[in-house]
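Novice: Sending over a structure as structure tokens; questions will come in a sec.
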Amino acid sequence: MNKIKLSAIIRDGMVIQQGTEFPILGNSTPKTLITVVFLDKTYTVRTNADGKWRIILDAAPAGGPYTMDISSDSTEDHVRIIDIYVGDVWLCSGQSNMELPMERLKDDFPEEWEPPVNGLIRQFKIPQEWDFSGPRCDFSGGSWTPASPETLNNFSGTAWFFAKNLYEKHKTPIGLINAALGGSPVEAWMSKEALASHPQKIAQAVQYADAAFLKKVVQENEERQRNWYDTTYMSDTGLAEGWFNEKVPCYSSWDALDLPGQFHEGGIPSDFCGVLWLRREFTVPPEHVGKPAKAWLGAITDADTAYINGAEIGNTTYRYPPRKYTIPAGLLREGENQITMRVVCNNGQGGVTRDKPFKIFNGDWEVSLHGTWKYKISLTVPPIPPNFFIQWQPMGLYNAMIAPLLEFPMKGVIWYQGESNDGKPEEYASLFTNLIQDWRRKKAQLDLPFLFVQLPIFGAPCENTEKSAWAAIREAQSKALALPKTGMACALDLGEWNDLHPIDKKGVGTRLALAAEAVVYGEKNNAPGPYAREARRDGDRLIITFDNCGAGLTARETPYVSIITSEKTFRLLARIANDRLIVENIPTDAKTILYAWADNPADRQLYNGEGLPAVPFRFQL
């Protein structure tokens with residue numbers, strides 16, 4: 001058995017950060033001599049009493065592929081690592097919009113899979129684990145994966161487009177370290193030291209360091225969830241009576257509702273929890289009989305199973321993913337066909353999302369599913385018990401997924417997170433800046449570039465309001481630009497009102513790359529977009545001055561801002577004068593000015609000449 005054990009990130013296909021010393025570390029037999037040969041240089045070190053060893057490689061320029069040989073003089077062990085490149089390494093972290101894989105983007109960006117796919121962009125996906133006992137020294141596993149048509153599905157979409165932009169310009173191999181987890185709040189990625197000003201979060205994490213207590217909490221949560229789902233399955237009359245079958249005796253008496261839309265719009269109580277069955281007919285022309293097809297059913301709250309002519313074609317267990325199901329060849333028949341959906345509503349507010357594809361189709365034929373459906377409730381139950389996500393608790397993800405990385409050099413960090421902190425947005429500014437500064441201190445690299453995505457739109461369009469949680473988080477993200485070597489991708493216009501996981505990760509990655517060019521590579525550009533530097537009164541006028549306007553401040557529609565007084569809010573027309581915005585007839589008791597200040601602000605008309613949106617702003621007057 002080989003007794004040389006390497007850190008999990010030291011693997012075939014790895015990318016080493018160029019231009020800086022790089023550690024190689026592992027374990028072997030105590031007090032033995034370890035030899036590493038790399039780039040025609042030989043390095044030696046003797047393991048300590050615990051068998052641990054660490055060697056520092058000299059800085060190297062970009063290039064590859066290279067081979068590294070590691071051997072032990074006492075055990076005659078030998079490890080060869082192949083296909084190594086020296087280039088730029090980026091840590092890609094945050095929640096689901098960083099984690100979102102390219103597989104989810106394939107229908108919108110199919111060209112990314114067309115050969116040749118750049119194998120000099122590589123991803124190391126860190127195992128999604130958590131630990132409350134303290135920072136780990138290594139990961140439990142992982143491997144480096146060069147991009148290819150076969151592997152691209154598993155790459156982070158945001159990170160892929162970011163890396164592709166940088167590679168096309170700099171022709172340097174890029175290593176992406178994917179350390180992201182859906183739903184995670186910022187405090188889950190923070191160390192105990194970073195949370196020093198939030199002692200209640202430290203206390204929250206410390207209790208889970210007790211393994212017995214942690215096990216009890218997790219088991220009780222799993223049992224509550226399992227019991228609820230078992231009830232909905234075992235007690236579902238629709239399943240017992242086979243309502244998914246083509247011929248259902250009671251079908252003609254089912255009630256009707258229009259979809260897509262919220263179920264309560266069809267007369268179902270808005271707080272309904274349980275199981276609802278939906279059905280409608282559609283017609284298939286003879287020339288498409290026997291061919292495979294697809295059913296795109298938007299997004300559904302909360303879970304669904306879909307059937308065509310009595311055969312299951314797919315299921316999804318939670319609300320966010322788009323329902324994109326394949327209809328096998330031979331299932332569709334000429335003339336009338338049936339589609340049936342079994343929908344489980346966990347907490348009320350069930351429905352099918354509007355403004356998403358809702359159809360059955362193949363390459364040259366489609367049938368819309370918009371319109372009248374029949375429905376029947378088969379089971380009503382209490383709301384599902386609150387789900388406890390141990391992986392989202394403070395410090396857990398930092399200890400398991402970040403701490404082991406901080407010894408390794410990297411070019412910088414890209415970060416996409418903030419949605420899960422909208423319950424307490426007032427905390428985000430201090431939490432986020434503390435995270436950035438703490439990671440830098442622990443890496444002993446106080447100028448580590450840190451680039452992040454400002455939250456896009458989400459929810460129905462609305463007027464500016466200081467009550468907006470997402471606007472407050474965007475403001476906190478903007479304030480982090482006061483830290484050195486930080487950059488932001490303003491993604492306001494890249495969101496979708498009806499999707500927490502908007503598809504345009506190409507736009508996000510491109511704007512992160514713009515931030516990298518400015519912050520890391522010293523290129524002058526106008527990222528993140530027009531930025532309001534000051535707002536001042538001039539009589540009854542308000543003059544707002546912008547930076548980063550590039551070819552000029554522009555408006556895609558008539559621009560407006562909101563002025564808040566002690567009694568009401570005014571929506572006032574603004575006009576552009578060079579790189580300034582001028583608002584006339586300001587109330588004498590105006591207190592606050594808002595622009596693009598809502599979860600999904602109806603007024604967000606300003607851009608620069610390069611097409612970058614103006615960063616939302618709030619000024620106290």
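Identifiers for the structure tokens are assigned positionally: chains receive A, B, ... in sequence, residues are indexed from 1 per chain, and ligands are indexed from 1 in the order shown.
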Could you pull out the strand (DSSP E) residues of segment 111-215 of chain A from DSSP and send them as a PyMOL selection string?

Specialist: chain A and resi 121-125+144-146+174-180

Novice: Can those selected residues be exported to a file as a tab-separated table (two decimals), in the first residue's frame so that it contains N, CA and C atoms?

Specialist:
```tsv
chain	number	residue	atom	x	y	z
A	121	ILE	N	-9.21	25.13	-19.06
A	121	ILE	CA	-10.03	25.61	-17.95
A	121	ILE	C	-10.46	24.37	-17.18
A	122	ARG	N	-10.15	24.33	-15.89
A	122	ARG	CA	-10.36	23.13	-15.10
A	122	ARG	C	-11.07	23.47	-13.79
A	123	GLN	N	-11.81	22.50	-13.29
A	123	GLN	CA	-12.56	22.73	-12.06
A	123	GLN	C	-12.22	21.67	-11.02
A	124	PHE	N	-12.01	22.12	-9.80
A	124	PHE	CA	-11.91	21.23	-8.65
A	124	PHE	C	-13.14	21.49	-7.80
A	125	LYS	N	-14.03	20.52	-7.73
A	125	LYS	CA	-15.28	20.68	-6.98
A	125	LYS	C	-15.09	20.14	-5.57
A	144	TRP	N	-9.55	17.13	-10.05
A	144	TRP	CA	-9.50	18.18	-11.06
A	144	TRP	C	-10.11	17.63	-12.35
A	145	THR	N	-10.99	18.43	-12.96
A	145	THR	CA	-11.67	18.01	-14.18
A	145	THR	C	-11.43	19.04	-15.28
A	146	PRO	N	-10.70	18.66	-16.34
A	146	PRO	CA	-10.58	19.56	-17.50
A	146	PRO	C	-11.93	19.68	-18.20
A	174	ILE	N	-6.53	28.12	-16.46
A	174	ILE	CA	-7.32	28.61	-15.33
A	174	ILE	C	-7.85	27.44	-14.53
A	175	GLY	N	-7.64	27.49	-13.22
A	175	GLY	CA	-8.19	26.51	-12.30
A	175	GLY	C	-9.30	27.15	-11.49
A	176	LEU	N	-10.49	26.52	-11.51
A	176	LEU	CA	-11.65	27.00	-10.77
A	176	LEU	C	-11.88	26.08	-9.59
A	177	ILE	N	-11.80	26.60	-8.39
A	177	ILE	CA	-12.08	25.81	-7.20
A	177	ILE	C	-13.51	26.11	-6.77
A	178	ASN	N	-14.40	25.17	-7.02
A	178	ASN	CA	-15.84	25.36	-6.82
A	178	ASN	C	-16.19	24.99	-5.38
A	179	ALA	N	-16.38	26.01	-4.55
A	179	ALA	CA	-16.76	25.82	-3.15
A	179	ALA	C	-18.04	26.59	-2.90
A	180	ALA	N	-19.15	26.06	-3.37
A	180	ALA	CA	-20.44	26.75	-3.27
A	180	ALA	C	-21.50	25.76	-2.82
```

Novice: If you run DSSP on this backbone, which residues of segment 366-476 of chain A come out as alpha helix (DSSP H), and could you give them as a compact mmCIF listing (two decimals) with C-alpha atoms, in the first residue's frame?

Specialist:
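Below is the file that was written, part.txt:
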```
# COMPACT_ATOMS: atom_id res chain seq x y z
CA GLY A 396 -19.82 25.02 9.23
CA LEU A 397 -18.97 25.57 5.56
CA TYR A 428 -25.06 41.93 5.74
CA ALA A 429 -22.69 44.89 5.43
CA SER A 430 -20.63 43.94 8.48
CA LEU A 431 -20.82 40.20 7.82
CA PHE A 432 -19.69 40.51 4.22
CA THR A 433 -16.79 42.87 4.84
CA ASN A 434 -15.68 40.77 7.81
CA LEU A 435 -15.63 37.67 5.62
CA ILE A 436 -13.48 39.34 2.97
CA GLN A 437 -11.00 40.71 5.50
CA ASP A 438 -10.82 37.45 7.44
CA TRP A 439 -10.12 35.28 4.41
CA ARG A 440 -7.37 37.72 3.46
CA ARG A 441 -5.82 37.67 6.93
CA LYS A 442 -5.87 33.91 7.12
CA LYS A 443 -4.19 33.68 3.73
CA ALA A 469 -34.42 43.61 1.68
CA TRP A 470 -32.67 42.94 -1.64
CA ALA A 471 -31.98 46.65 -2.14
CA ALA A 472 -30.41 46.80 1.33
CA ILE A 473 -28.18 43.83 0.51
CA ARG A 474 -27.18 45.46 -2.79
CA GLU A 475 -26.21 48.56 -0.83
CA ALA A 476 -24.11 46.47 1.54
```

Novice: Please identify all polymer residues within 9 Å of Ser253 of chain A, counting only C-alpha atoms, omitting same-chain residues fewer than 2 positions from it, and present them as a ChimeraX atom specification.

Specialist: /A:249-251,255,374,376

Novice: With only C-alpha atoms as the basis for distance, which of A:Ile82, A:Val217, A:Leu239, A:Met395 is at the shortest distance from Ala203 of chain A?

Specialist: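 Ranked by minimum distance to Ala203 of chain A, first place goes to A:Met395.
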
Novice: With a distance cut-off of 9 Å and only C-alpha atoms, select the neighbouring residues of segment 572-582 of chain A, excluding the residue or stretch itself and same-chain residues fewer than 6 positions from it, and output the selection as a list in words.

Specialist: Pro530, Ala532, Arg541, Leu542, Ile543, Ile544, Thr545, Phe546, Asp547, Asn548, Cys549, Gly552, Leu553, Thr554, Ala555, Thr558, Pro559, Tyr560, Val561, Ser562 and Ile563 of chain A

Novice: Quick one: everything within 8 Å of Pro286 of chain A, counting only C-alpha atoms, minus sequence neighbours fewer than 2 positions away in the same chain. Send it as a list in words.

Specialist: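 Near Pro286 of chain A, the qualifying residues are Val284, His288, Val289, Arg333, Glu334 and Gly335 of chain A.
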
Novice: For Arg604 of chain A, please output as a PyMOL selection string all residues within 10 Å (counting only C-alpha atoms; exclusion window: fewer than 5 positions along the same chain).

Specialist: chain A and resi 464+492-493+555-561+595-598+613-616

Novice: Taking only C-alpha atoms into account, which of A:Ala163, A:Ala551, A:Leu39, A:Val206 comes nearest Leu91 of chain A?

Specialist: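 Comparing A:Ala163, A:Ala551, A:Leu39, A:Val206 against Leu91 of chain A, the winner is A:Ala163.
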
Novice: Please provide as a list in words all residues within 12 Å of Tyr229 of chain A, with the sequence filter that same-chain residues fewer than 2 positions apart are discarded (counting only C-alpha atoms).

Specialist: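 With the cut-off at 12 Å, the set is Glu222, Glu223, Arg224, Gln225, Arg226, Asn227, Thr231, Thr232, Tyr233, Met234, Ser235, Asp236, Cys273, Gly274, Val275, Ala303, Thr317, Val344, Cys345, Asn346, Val381, Pro382, Pro383, Ile384 and Pro385 of chain A.
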
Novice: Create the file for the chosen residues now, containing N, CA and C atoms and written as a PDB file, in the first residue's frame.

Specialist:
```
ATOM      1  N   GLU A 222     -34.930  15.128  10.185  1.00  0.00           N
ATOM      2  CA  GLU A 222     -35.171  14.168   9.112  1.00  0.00           C
ATOM      3  C   GLU A 222     -36.438  13.361   9.368  1.00  0.00           C
ATOM      4  N   GLU A 223     -36.685  13.016  10.607  1.00  0.00           N
ATOM      5  CA  GLU A 223     -37.876  12.239  10.938  1.00  0.00           C
ATOM      6  C   GLU A 223     -39.142  13.049  10.687  1.00  0.00           C
ATOM      7  N   ARG A 224     -39.128  14.326  11.076  1.00  0.00           N
ATOM      8  CA  ARG A 224     -40.299  15.176  10.834  1.00  0.00           C
ATOM      9  C   ARG A 224     -40.586  15.302   9.339  1.00  0.00           C
ATOM     10  N   GLN A 225     -39.532  15.543   8.573  1.00  0.00           N
ATOM     11  CA  GLN A 225     -39.711  15.672   7.131  1.00  0.00           C
ATOM     12  C   GLN A 225     -40.184  14.364   6.509  1.00  0.00           C
ATOM     13  N   ARG A 226     -39.562  13.274   6.901  1.00  0.00           N
ATOM     14  CA  ARG A 226     -39.922  11.965   6.338  1.00  0.00           C
ATOM     15  C   ARG A 226     -41.365  11.608   6.663  1.00  0.00           C
ATOM     16  N   ASN A 227     -41.802  11.863   7.888  1.00  0.00           N
ATOM     17  CA  ASN A 227     -43.180  11.544   8.263  1.00  0.00           C
ATOM     18  C   ASN A 227     -44.180  12.335   7.430  1.00  0.00           C
ATOM     19  N   THR A 231     -46.741  10.598   4.771  1.00  0.00           N
ATOM     20  CA  THR A 231     -48.188  10.795   4.870  1.00  0.00           C
ATOM     21  C   THR A 231     -48.773  11.223   3.533  1.00  0.00           C
ATOM     22  N   THR A 232     -48.130  12.180   2.883  1.00  0.00           N
ATOM     23  CA  THR A 232     -48.660  12.670   1.611  1.00  0.00           C
ATOM     24  C   THR A 232     -48.639  11.583   0.546  1.00  0.00           C
ATOM     25  N   TYR A 233     -47.710  10.649   0.675  1.00  0.00           N
ATOM     26  CA  TYR A 233     -47.630   9.570  -0.316  1.00  0.00           C
ATOM     27  C   TYR A 233     -48.629   8.459   0.011  1.00  0.00           C
ATOM     28  N   MET A 234     -48.606   7.996   1.250  1.00  0.00           N
ATOM     29  CA  MET A 234     -49.435   6.845   1.616  1.00  0.00           C
ATOM     30  C   MET A 234     -50.920   7.198   1.661  1.00  0.00           C
ATOM     31  N   SER A 235     -51.268   8.449   1.946  1.00  0.00           N
ATOM     32  CA  SER A 235     -52.667   8.830   2.106  1.00  0.00           C
ATOM     33  C   SER A 235     -53.243   9.486   0.861  1.00  0.00           C
ATOM     34  N   ASP A 236     -52.488   9.523  -0.215  1.00  0.00           N
ATOM     35  CA  ASP A 236     -52.927  10.194  -1.431  1.00  0.00           C
ATOM     36  C   ASP A 236     -53.917   9.316  -2.198  1.00  0.00           C
ATOM     37  N   CYS A 273     -52.329  23.093   1.615  1.00  0.00           N
ATOM     38  CA  CYS A 273     -51.172  22.203   1.679  1.00  0.00           C
ATOM     39  C   CYS A 273     -51.673  20.779   1.458  1.00  0.00           C
ATOM     40  N   GLY A 274     -50.973  20.054   0.629  1.00  0.00           N
ATOM     41  CA  GLY A 274     -51.390  18.692   0.347  1.00  0.00           C
ATOM     42  C   GLY A 274     -51.072  18.318  -1.079  1.00  0.00           C
ATOM     43  N   VAL A 275     -51.955  17.494  -1.699  1.00  0.00           N
ATOM     44  CA  VAL A 275     -51.704  16.971  -3.038  1.00  0.00           C
ATOM     45  C   VAL A 275     -52.847  17.374  -3.957  1.00  0.00           C
ATOM     46  N   ALA A 303     -43.531  20.513  -5.396  1.00  0.00           N
ATOM     47  CA  ALA A 303     -42.970  19.317  -6.018  1.00  0.00           C
ATOM     48  C   ALA A 303     -43.983  18.755  -7.003  1.00  0.00           C
ATOM     49  N   THR A 317     -38.449  17.486  -6.868  1.00  0.00           N
ATOM     50  CA  THR A 317     -38.830  17.417  -5.458  1.00  0.00           C
ATOM     51  C   THR A 317     -38.900  18.766  -4.763  1.00  0.00           C
ATOM     52  N   VAL A 344     -47.431  18.520  -5.170  1.00  0.00           N
ATOM     53  CA  VAL A 344     -47.413  18.556  -3.714  1.00  0.00           C
ATOM     54  C   VAL A 344     -47.120  19.988  -3.275  1.00  0.00           C
ATOM     55  N   CYS A 345     -48.028  20.562  -2.491  1.00  0.00           N
ATOM     56  CA  CYS A 345     -47.855  21.921  -1.959  1.00  0.00           C
ATOM     57  C   CYS A 345     -47.472  21.828  -0.483  1.00  0.00           C
ATOM     58  N   ASN A 346     -46.320  22.342  -0.137  1.00  0.00           N
ATOM     59  CA  ASN A 346     -45.797  22.197   1.219  1.00  0.00           C
ATOM     60  C   ASN A 346     -46.318  23.237   2.192  1.00  0.00           C
ATOM     61  N   VAL A 381     -53.394  18.363   4.074  1.00  0.00           N
ATOM     62  CA  VAL A 381     -52.623  18.092   5.288  1.00  0.00           C
ATOM     63  C   VAL A 381     -52.142  19.411   5.877  1.00  0.00           C
ATOM     64  N   PRO A 382     -51.682  19.415   7.121  1.00  0.00           N
ATOM     65  CA  PRO A 382     -51.069  20.626   7.682  1.00  0.00           C
ATOM     66  C   PRO A 382     -49.787  20.969   6.921  1.00  0.00           C
ATOM     67  N   PRO A 383     -49.304  22.202   7.035  1.00  0.00           N
ATOM     68  CA  PRO A 383     -48.042  22.568   6.386  1.00  0.00           C
ATOM     69  C   PRO A 383     -46.906  21.665   6.838  1.00  0.00           C
ATOM     70  N   ILE A 384     -45.931  21.499   5.957  1.00  0.00           N
ATOM     71  CA  ILE A 384     -44.765  20.696   6.297  1.00  0.00           C
ATOM     72  C   ILE A 384     -44.028  21.345   7.472  1.00  0.00           C
ATOM     73  N   PRO A 385     -43.529  20.561   8.430  1.00  0.00           N
ATOM     74  CA  PRO A 385     -42.747  21.157   9.530  1.00  0.00           C
ATOM     75  C   PRO A 385     -41.545  21.919   8.980  1.00  0.00           C
TER      76      PRO A 385
END
```

Novice: Smallest atom-to-atom distance to Trp296 of chain A: which of A:Ala403, A:Ile339, A:Ile4, A:Leu512, using only C-alpha atoms?

Specialist: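 Among the listed residues, the smallest separation from Trp296 of chain A belongs to A:Ile339.
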
Novice: I'd like a table as JSON lines: residues in segment 108-220 of chain A with an atom no more than 12 Å from segment 451-459 of chain A, each row giving the shortest atom pair and its distance in Å to one decimal, only C-alpha atoms counted, sorted by chain and rising residue number.

Specialist:
```
{"residue": "A:Thr158", "atom": "CA", "partner": "A:Val453", "partner_atom": "CA", "distance": 9.9}
{"residue": "A:Ala159", "atom": "CA", "partner": "A:Phe452", "partner_atom": "CA", "distance": 11.5}
{"residue": "A:Phe162", "atom": "CA", "partner": "A:Leu451", "partner_atom": "CA", "distance": 11.0}
```

Novice: Measuring atom to atom with only C-alpha atoms, identify which of A:Asn118, A:Trp228, A:Gly290, A:Ala527 is nearest to Pro386 of chain A.

Specialist: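 Of the candidates, the smallest distance to Pro386 of chain A is held by A:Trp228.
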
Novice: Rank nothing, just name the residue among A:Phe38, A:Trp243, A:Trp497, A:Tyr375 nearest to Ala602 of chain A, using only C-alpha atoms.

Specialist: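 Between A:Phe38, A:Trp243, A:Trp497, A:Tyr375, the residue approaching Ala602 of chain A most closely is A:Trp497.
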
Novice: Restricting the calculation to only C-alpha atoms: of A:Ala306, A:Asp69, A:Leu195, A:Val218, which residue gets closest to Asn387 of chain A?

Specialist: A:Val218
